[in-house]
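S.K.: Before anything else, here's the structure in question.
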Amino acid sequence: MRTICYDRILFIALRSKNVMVNTMSNAENEKEVVIVGAGPAGLTCSIYLARSGLVPVVFTGDVPGGQLIKTDVIENFPGFHEVSGNDLMMKMMSQAESLGAKFIYERVDSISRDDNHFRLKLNSGTEVDSRTVLIATGATHKKIGCPGEEEFTNKGVSWCATCDGPLLKENKRVAVVGGGNTALMEALFLSKFASKVFLIHRRSALRADKIMQDRLFRNDKIEVIWNSEIVGILGDNFLKSILLMNSIDKSESRLDVSGLFIAIGTVPVSSFVQNLVDTDEDGYIKAANTLTSCNGMFAAGDVVSGSLKQAVFAAGNGALAAKQIDEYLWMRLS
Ligand code: NDP
């Protein structure tokens with residue numbers, strides 16, 4: 001089912017490459033609104049702007065949908081008892097597209113600004129001008145930073161259980177690191193395939209919601225290893241074991257596993273606009289509602305400092321961005 005959804009994304013991506021060539025070659029003409037990022041914030045903004053008569057151009061990066069396309073099941077998006085992240089994002093995209101939003105499957109590498117407009121440089125080298133820009137690039141996975149992490153990435157080390165879990169042969173032992181909702185979701189998902197799942201957490205209390213903790217503790221395939229940090233990842237061609245250090249007595253131990261899933265939070269995707277907007281110490285963009293410190297540049301969703309990192313909040317924030325962008329353009333015209 002997952003593969004089919006990716007195929008659908010790729011199909012739309014290829015189709016839209018053609019749209020892009022037309023859109024770009026037609027005109028060096030300035031766009032009114034460009035949205036960078038196609039997660040819930042960017043897509044909701046594009047839906048609202050399209051409905052208000054504008055033609056938002058959405059730069060999706062390599063694959064649209066943001067972090068949610070890797071989420072197996074979402075249970076707290078209003079209107080859906082249960083929905084896969086992939087399906088939810090596909091629905092938002094098709095809604096936006098049917099209303100007139102344009103999708104361009106490219107990454108924005110840098111943005112500069114002069115008095116009147118923004119110039120966006122794409123990874124293909126193409127440049128696009130726009131009067132307003134919404135940054136809705138979200139956040140990406142945090143790394144542990146221990147020896148072996150780079151070497152064994154995609155060789156047993158993964159940031160996505162939904163993508164890579166089903167590839168594990170049955171009856172393998174796997175580990176998940178982290179104590180938040182993502183880590184618990186990953187552990188519960190992996191328990192369908194693995195013989196044993198170790199949840200490694202650096203403290204003695206989990207950060208995840210109680211409902212998730214209750215499910216975790218009820219699952220007899222999952223064992224929590226408390227107060228432990230991963231200090232090394234070992235193997236030959238493929239991951240074989242991880243080195244743990246107990247954070248209380250500093251003792252080290254080795255745990256043999258065939259897969260390690262890292263779910264320790266996120267870092268914002270904002271480095272390409274650090275020269276234009278104020279950010280907090282972690283790089284998240286400071287915004288009053290969605291207004292950034294740079295006139296004409298807006299930010300919404302997980303990339304914003306202090307935002308609730310939830311899809312429903314990102315969607316609401318995207319709607320607010322649309323209203324503020326609309327008002328900004330209106331003020332410039334009047
Ligand atoms: P969180 O920030 O909630 O949790 C990160 C976890 O990783 C924490 O337990 C943290 O430990 C641990 N951690 C951080 N850095 C390290 C490190 N260097 N080494 C070891 N452990 C580390 O991130 P999530 O990705 O879990 O969630 C992000 C947001 O998305 C949250 O608001 C969450 O509620 C939400 N979410 C919601 C879902 C839903 O279904 N509604 C699903 C998934 C996420 P410590 O606790 O000690 O800080």
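By order of appearance in the structure tokens: chains A, B, ..., then residues from 1 within every chain, and ligands from 1 in the order shown.
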Find the residues near ligand 1. Use a cut-off of 10 Å, count only C-alpha atoms and all ligand atoms, and write them as a ChimeraX atom specification.

M.R.: /A:67-68,71-77,85,139-146,177-186,200-209,212,227-231,262-267,302,307-312

S.K.: Per residue of stretch 90-192 of chain A within 12 Å of stretch 284-288 of chain A, note the shortest atom pair and the distance in Å to one decimal, counting only C-alpha atoms, and order the rows by chain and increasing residue number, as CSV.

M.R.:
```
residue,atom,partner,partner_atom,distance
A:Leu134,CA,A:Ala287,CA,11.5
A:Ile135,CA,A:Ile285,CA,9.1
A:Ala136,CA,A:Ile285,CA,10.3
A:Thr137,CA,A:Tyr284,CA,10.7
A:Gly138,CA,A:Tyr284,CA,9.3
A:Ala139,CA,A:Tyr284,CA,8.9
A:Thr140,CA,A:Tyr284,CA,11.8
```

S.K.: Kindly save the residues from that selection, with N, CA and C atoms included, as a PDB file, in the first residue's frame.

M.R.:
```pdb
ATOM      1  N   LEU A 134       6.176  32.285   1.332  1.00  0.00           N
ATOM      2  CA  LEU A 134       5.880  31.594   2.594  1.00  0.00           C
ATOM      3  C   LEU A 134       6.921  30.498   2.780  1.00  0.00           C
ATOM      4  N   ILE A 135       7.584  30.513   3.931  1.00  0.00           N
ATOM      5  CA  ILE A 135       8.509  29.427   4.275  1.00  0.00           C
ATOM      6  C   ILE A 135       7.724  28.414   5.108  1.00  0.00           C
ATOM      7  N   ALA A 136       7.543  27.233   4.533  1.00  0.00           N
ATOM      8  CA  ALA A 136       6.788  26.166   5.221  1.00  0.00           C
ATOM      9  C   ALA A 136       7.572  24.867   5.064  1.00  0.00           C
ATOM     10  N   THR A 137       8.872  24.962   5.333  1.00  0.00           N
ATOM     11  CA  THR A 137       9.777  23.842   5.050  1.00  0.00           C
ATOM     12  C   THR A 137       9.870  22.842   6.189  1.00  0.00           C
ATOM     13  N   GLY A 138       9.228  23.149   7.320  1.00  0.00           N
ATOM     14  CA  GLY A 138       9.178  22.169   8.400  1.00  0.00           C
ATOM     15  C   GLY A 138      10.526  21.888   9.024  1.00  0.00           C
ATOM     16  N   ALA A 139      10.695  20.644   9.389  1.00  0.00           N
ATOM     17  CA  ALA A 139      11.902  20.255  10.108  1.00  0.00           C
ATOM     18  C   ALA A 139      12.342  18.882   9.614  1.00  0.00           C
ATOM     19  N   THR A 140      13.595  18.588   9.874  1.00  0.00           N
ATOM     20  CA  THR A 140      14.112  17.293   9.432  1.00  0.00           C
ATOM     21  C   THR A 140      14.673  16.518  10.634  1.00  0.00           C
TER      22      THR A 140
END
```

S.K.: Which residue, A:His117, A:Arg215, A:Arg173, A:Lys102, has the smallest gap to A:Ile242 when you use only C-alpha atoms?

M.R.: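 Among A:His117, A:Arg215, A:Arg173, A:Lys102, it is A:Arg173 that comes nearest to A:Ile242.
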
S.K.: Record the distance separating atom CA of A:Asn246 and atom CA of A:Thr162, expressed in Å with one decimal.

M.R.: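 We find that atom CA of A:Asn246 and atom CA of A:Thr162 lie 28.6 Å from each other.
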
S.K.: Give me the residues near A:Pro147 as a ChimeraX atom specification, where near means some atom within 7 Å (using only C-alpha atoms) and where sequence neighbours in that chain fewer than 2 positions away do not count.

M.R.: /A:145,149,232-233

S.K.: Have a look at A:Ile222, A:Asn275, A:Leu329, A:Met93 and name the one nearest to A:Ala41; count only C-alpha atoms.

M.R.: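 Selected residue with least distance to A:Ala41: A:Met93.
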
S.K.: Where in stretch 43-129 of chain A does DSSP assign strand (DSSP E or B), given as an MDAnalysis selection string?

M.R.: chainID A and resid 57:59 74 83 102:104 108:113 118:122 127:129

S.K.: What does the distance from atom CA of A:Gly259 to atom CA of A:Asp282 come to in Å, to one decimal?

M.R.: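 Taking atom CA of A:Gly259 as the start and atom CA of A:Asp282 as the end point, the length is 29.2 Å.
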
S.K.: Would you list, as a PDB file with C-alpha atoms, in the first residue's frame, the residues of stretch 60-297 of chain A that end up in alpha helix (DSSP H) under DSSP run on this structure's backbone?

M.R.:
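The new file result37.pdb reads:
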```pdb
ATOM      1  CA  GLY A  85       0.026  10.464   6.656  1.00  0.00           C
ATOM      2  CA  ASN A  86       0.638   9.683   3.016  1.00  0.00           C
ATOM      3  CA  ASP A  87      -3.074   9.531   2.187  1.00  0.00           C
ATOM      4  CA  LEU A  88      -3.802  12.736   4.085  1.00  0.00           C
ATOM      5  CA  MET A  89      -1.092  14.617   2.208  1.00  0.00           C
ATOM      6  CA  MET A  90      -2.207  13.220  -1.153  1.00  0.00           C
ATOM      7  CA  LYS A  91      -5.736  14.455  -0.416  1.00  0.00           C
ATOM      8  CA  MET A  92      -4.462  17.935   0.483  1.00  0.00           C
ATOM      9  CA  MET A  93      -2.337  18.072  -2.660  1.00  0.00           C
ATOM     10  CA  SER A  94      -5.086  17.021  -4.984  1.00  0.00           C
ATOM     11  CA  GLN A  95      -7.471  19.519  -3.331  1.00  0.00           C
ATOM     12  CA  ALA A  96      -4.936  22.335  -3.797  1.00  0.00           C
ATOM     13  CA  GLU A  97      -4.229  21.331  -7.378  1.00  0.00           C
ATOM     14  CA  SER A  98      -7.904  21.163  -8.294  1.00  0.00           C
ATOM     15  CA  LEU A  99      -8.351  24.697  -6.968  1.00  0.00           C
ATOM     16  CA  ALA A 161      10.193   2.659  10.461  1.00  0.00           C
ATOM     17  CA  THR A 162       7.216   2.937   8.110  1.00  0.00           C
ATOM     18  CA  CYS A 163       9.566   3.017   5.117  1.00  0.00           C
ATOM     19  CA  ASP A 164      12.196   0.512   6.226  1.00  0.00           C
ATOM     20  CA  ASN A 181       5.469  10.219  20.351  1.00  0.00           C
ATOM     21  CA  THR A 182       7.436   9.460  17.198  1.00  0.00           C
ATOM     22  CA  ALA A 183       9.711   6.938  18.925  1.00  0.00           C
ATOM     23  CA  LEU A 184       6.749   5.157  20.508  1.00  0.00           C
ATOM     24  CA  MET A 185       4.854   5.057  17.221  1.00  0.00           C
ATOM     25  CA  GLU A 186       7.921   3.613  15.511  1.00  0.00           C
ATOM     26  CA  ALA A 187       8.385   0.980  18.243  1.00  0.00           C
ATOM     27  CA  LEU A 188       4.728  -0.080  18.107  1.00  0.00           C
ATOM     28  CA  PHE A 189       4.819  -0.273  14.315  1.00  0.00           C
ATOM     29  CA  LEU A 190       8.040  -2.308  14.321  1.00  0.00           C
ATOM     30  CA  LYS A 210      -0.055   8.811  27.977  1.00  0.00           C
ATOM     31  CA  ILE A 211      -2.219   6.935  25.461  1.00  0.00           C
ATOM     32  CA  MET A 212       0.937   6.021  23.517  1.00  0.00           C
ATOM     33  CA  GLN A 213       2.772   4.986  26.693  1.00  0.00           C
ATOM     34  CA  ASP A 214      -0.137   2.723  27.710  1.00  0.00           C
ATOM     35  CA  ARG A 215      -0.001   0.991  24.330  1.00  0.00           C
ATOM     36  CA  LEU A 216       3.761   0.601  24.578  1.00  0.00           C
ATOM     37  CA  PHE A 217       3.718  -0.918  28.060  1.00  0.00           C
ATOM     38  CA  ARG A 218       0.955  -3.348  27.016  1.00  0.00           C
TER      39      ARG A 218
END
```

S.K.: Give the answer as one residue: which of A:Val57, A:Leu255, A:Leu260, A:Ala50 has the shortest atom-to-atom distance to A:Trp159, using only C-alpha atoms?

M.R.: A:Leu260

S.K.: Using only C-alpha atoms, find the one residue out of A:Phe198, A:Leu234, A:Val108, A:Leu167 that sits nearest to A:Glu151.

M.R.: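 Residue with the minimum atom-to-atom distance to A:Glu151: A:Leu234.
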
S.K.: Looking at A:Thr132, A:Asn237, A:Thr126, A:Ser195, which one is nearest to A:Leu291, with distances taken over only C-alpha atoms?

M.R.: A:Thr132
